[in-house]
Number of protein chains: 2
Amino acid sequence: MATTKYLLDESQIPTSWVNLLPDLPGEPLPPLNPGTGEPAGPDDLTPIFPIGVIEQEVSTEPDVEIPEEVREVYKLWRPTPLIRARRLERELDTPAHIYYKYEGVSPAGSHKPNSAVAQAYLNKQAGVKKLVTETGAGQWGSALSLACRLFGLECEVFMVGVSYDQKPYRRAMIETWGGTVHRSPSDRTDAGRSQAAHESGSLGIAISEAVEVAAKADDTNYALGSVLNHVCLHQTVIGQEAIAALEQAGEYPDVVVGCVGGGSNFAGLIYPFVRANLREGKTTRFLGAEPAACPTLTRGTYAYDFGDTVGMTPLMPMYTLGHDFVPPPVHAGGLRYHGDAPSLCALVHNGLVEATAVKQTDAFAAAIRFASAEGIIPGPEPAHAIKATIDEALAAKHSGEERVILLGLSGHGHFDMSAYAAYHAGELEDLEFSDAEMQEALDRLPSAPSIA
Amino acid sequence: MATTKYLLDESQIPTSWVNLLPDLPGEPLPPLNPGTGEPAGPDDLTPIFPIGVIEQEVSTEPDVEIPEEVREVYKLWRPTPLIRARRLERELDTPAHIYYKYEGVSPAGSHKPNSAVAQAYLNKQAGVKKLVTETGAGQWGSALSLACRLFGLECEVFMVGVSYDQKPYRRAMIETWGGTVHRSPSDRTDAGRSQAAHESGSLGIAISEAVEVAAKADDTNYALGSVLNHVCLHQTVIGQEAIAALEQAGEYPDVVVGCVGGGSNFAGLIYPFVRANLREGKTTRFLGAEPAACPTLTRGTYAYDFGDTVGMTPLMPMYTLGHDFVPPPVHAGGLRYHGDAPSLCALVHNGLVEATAVKQTDAFAAAIRFASAEGIIPGPEPAHAIKATIDEALAAKHSGEERVILLGLSGHGHFDMSAYAAYHAGELEDLEFSDAEMQEALDRLPSAPSIA
């Protein structure tokens, strides 16, 4: 029998995270204090993050050791499987070899616990009692609730309004692990009250609410599920395991495809491969798939902007649709963010990473095609990457190449079946980002040095 | 690091299924044709089952080869992991070693595809175009929809009314794999129309509807998700893999615990171990956990009864609460069945297998305790087995024994979060089975030889 799954032993869970920052080409662009315009330092972060997290955020070490306590928790579901999509290949009649790294086997159903566990541990070490955060699709909120439960911390989650309404079962999941959930915008914070008109909410607003709560309480910290360096760092267990498992298969990818919201899943998947490109002369292509309704990398502006909506965070150098852009309620809630991880944006800006925008109906059609061949029903977020993967596999067929494609399947769709039901009923709309919206966003960017 | 997960290689997917029938003690009790009172033969089954299934149903071979095409599909998720519940052990402060065999990694989220895939294959071989079935919690219906998609068959599912209402996302899952779903009782069949008064439905009614559709159409067959010999047979991949993985761990179970609805999950888990008891003098205990609201094994009568509500099936020798018993709408929809697999009932009757009835609030409390320690949120069905497992572990603590406990974790609870939400809100009721109900059921048993 031909092998389908490539499994690693628990001893092959990585012992360190890959920090790509020292290898990034060009001068690093620091985040800026929005008041002074000066580079933001560790002091800007201490009100909301523990020292362990801040050290990782600014680390220049190429490899950061994973604490043994974190690896112990990883063992509950890691290493995750690498699966050869033989049935999908057959169905596409492509010479391409398609492998997918499946993070949906974690208890929360996505890659998010990779960072949640690390952050909960570092906060526990610092004597923090409670973590507060935002969540889009609910994946990060449930991951942090799980992680907090495993390390004995309290957990409070501001959930983007539209997802709160669409995904009551994610809320029940967060509560099952002991966390509490508030619909955002809420009336619990100044930030929430100021954004009450944006009834459907956004990740940016929810971040503002969570940061505000964390900044005001002594024993409470904030935890971010994407964008920042330390989150991307934690996710690199994905790419490292993928390299080891592909070695078992005797292959190396020609192209790596993942979905991009804040960027941590994609960064975690590709950074170990990007480093191999930079250090070892490998020539792998990297392709990030984002929603056409929130096309940060493909249509955004490369500039300094706030990470949140209200403007509480340091200014970050990134592709942005404008910090007060409220993306339309596409079902891939995890991809509704106006910016992207600065490290990933730098790679896109340098031409080392490509991006493509995918319509949500095309994403769901691809997801159903995948589910019909491989069984697993993907989350709407990786469905965008599946669409891009299928396009790559068909291009390989067209050109007759035996291209090796690695797909990041960041999570399952078990909590997204209302979106599938809407798709089956023909009720999913394709929402477009307009030029007028982009122009308006540009007009409202904070004043900061140009970087483009 | 201490090992947490015991993983087998794909080459260790079993090559045959364990047929316990030839090893069952005592004279086998045949199913009876309800019209003649004579033993039902293969001819009674040909209107709804293909020859391959019938051969397996009556096989006296102790080992039945698994077709290569079926093993190929199993490879999409099998072998499933065996996990040492070290955190739960620590939390219970028990000397017991708790292992759980996790079937929730299948695309449908439970053990059900183990048989669905085999049945779809055997029907495809026989030239059948369409399979029709019933589903309770939706697990069997989604598993069969998946299996039909993988083998190119149509699939039609009658879903128990109360589950249809409680679990719209299971319906979307069935539809994502191409199946169609009807709420049962429906107006599409005589059986459904005759039971319209039982608005919440039952597995028995849904079976009647599906059997009727299959019996009336030439190119359409029926597929049952539990109870019958061939279904229990297909599920024995679970127990066989558990034996191999426990060998890796250097252990053998003192007690094996699983939940019982129709019995196939529990049978699949324990039959390979039961055979070892019977043949090799092992002394493992077996404990089936069922809902207190539908306590077939612990309070039912051992007698010949119909498998369905309307009375279309052969009479089967089993513990029964009466074929027209409509269980209350407990959230463990997969355990709402009036009878149990005849082979399993024979083992209970012979004292080789024990049973215990668990209240649903106790089951959910145990499930949340499990989720808080191990991460995974269990389905409400295995939650009953978790409660029994925790009791066994605490008994081991009390007696100071290093008992090895194997728990069958038959599926995840991702489609059951409304039940968790109800539990969190304090809205879950404990429904009791009354003596009066049992007495009424006895009065309505079909006339057949006594077997008790």
# chains A, B, ... in the order shown; residues from 1 in each chain; ligands from 1
>>> interface_residues(of="chain A", to="chain B", cutoff="6 Å", atoms="only C-alpha atoms", output="list of chain:residue names")
A:Pro107, A:Tyr169, A:Ala172, A:Trp177, A:Ser372, A:Gly375, A:Ile376, A:Met417, A:Ala421
>>> write_last_selection(atoms="C-alpha atoms", output="JSON list (two decimals), in the first residue's frame")
[["chain", "number", "residue", "atom", "x", "y", "z"],
["A", 107, "PRO", "CA", -8.33, 19.95, 20.78],
["A", 169, "TYR", "CA", -20.91, 26.58, 19.59],
["A", 172, "ALA", "CA", -19.83, 26.84, 24.33],
["A", 177, "TRP", "CA", -12.66, 24.97, 29.08],
["A", 372, "SER", "CA", -15.14, 14.85, -1.17],
["A", 375, "GLY", "CA", -12.72, 13.33, 3.88],
["A", 376, "ILE", "CA", -11.73, 16.20, 6.15],
["A", 417, "MET", "CA", -21.02, 24.38, 9.19],
["A", 421, "ALA", "CA", -25.12, 25.38, 4.93]]
>>> closest_residue(among="A:Ala249, A:Ala303, A:Ala223, A:Leu32", to="Leu122 in chain A", atoms="only C-alpha atoms")
A:Ala223
>>> select_by_dssp(residues="range 238-343 of chain A", states="alpha helix (DSSP H)", output="PyMOL selection string")
chain A and resi 238-249+264-280+296-299+342-343
>>> write_last_selection(atoms="C-alpha atoms", output="short mmCIF file (atom, residue, chain, number, x, y, z; two decimals), in the first residue's frame")
data_model
loop_
_atom_site.label_atom_id
_atom_site.label_comp_id
_atom_site.auth_asym_id
_atom_site.auth_seq_id
_atom_site.Cartn_x
_atom_site.Cartn_y
_atom_site.Cartn_z
CA ILE A 238 4.36 23.52 12.01
CA GLY A 239 6.98 24.14 9.36
CA GLN A 240 9.71 22.30 11.22
CA GLU A 241 7.56 19.19 11.55
CA ALA A 242 6.60 19.49 7.89
CA ILE A 243 10.25 19.46 6.87
CA ALA A 244 10.93 16.34 8.97
CA ALA A 245 7.86 14.53 7.67
CA LEU A 246 8.55 15.44 4.05
CA GLU A 247 12.02 14.03 4.53
CA GLN A 248 10.34 10.72 5.43
CA ALA A 249 8.51 11.00 2.14
CA SER A 264 0.79 33.47 12.09
CA ASN A 265 -0.41 30.20 10.57
CA PHE A 266 1.27 30.99 7.26
CA ALA A 267 4.42 32.31 8.96
CA GLY A 268 4.64 29.20 11.15
CA LEU A 269 4.35 27.01 8.12
CA ILE A 270 6.79 28.81 5.82
CA TYR A 271 9.46 30.45 8.01
CA PRO A 272 11.55 27.30 8.43
CA PHE A 273 11.40 26.87 4.64
CA VAL A 274 12.12 30.58 4.04
CA ARG A 275 15.23 30.24 6.19
CA ALA A 276 16.30 27.28 4.05
CA ASN A 277 15.85 29.46 0.96
CA LEU A 278 17.92 32.25 2.50
CA ARG A 279 20.64 30.08 4.04
CA GLU A 280 20.82 26.99 1.86
CA THR A 296 -4.40 43.11 2.77
CA LEU A 297 -1.34 41.74 0.99
CA THR A 298 -2.64 42.01 -2.55
CA ARG A 299 -4.31 45.44 -2.39
CA PRO A 342 5.13 42.81 9.94
CA SER A 343 7.69 40.06 9.39
#
>>> select_by_dssp(residues="range 6-191 of chain B", states="strand (DSSP E or B)", output="PyMOL selection string")
chain B and resi 6+16-18+32+39+63-65+82-84+97-102+110+130-135+154-160+180-184
>>> closest_residue(among="A:Thr94, A:Thr46, A:Thr36, A:Ser186", to="Leu394 in chain A", atoms="only C-alpha atoms")
A:Thr94
>>> closest_residue(among="B:Val404, B:Leu315, B:Ala96, B:Leu442", to="Thr301 in chain B", atoms="only C-alpha atoms")
B:Leu442
>>> atom_distance(atom1="CA of Asn114 in chain B", atom2="CA of Asp362 in chain B")
28.8 Å
>>> closest_residue(among="B:Glu89, B:Leu233, B:His398, B:Gly161", to="Gln195 in chain B", atoms="only C-alpha atoms")
B:Gly161
>>> atom_distance(atom1="CA of Gly127 in chain A", atom2="CA of Gly225 in chain A")
20.6 Å
>>> closest_residue(among="B:Asp254, B:Asp218, B:Glu69, B:Asp340", to="Glu290 in chain B", atoms="only C-alpha atoms")
B:Asp340
>>> closest_residue(among="A:Ala137, A:Ala210, A:Leu82, A:Leu428", to="Thr361 in chain A", atoms="only C-alpha atoms")
A:Leu428
>>> residues_around(residues="Thr135 in chain B", least_positions_apart="6", cutoff="7 Å", atoms="only C-alpha atoms", output="VMD selection string")
chain B and resid 141 157 to 160 203
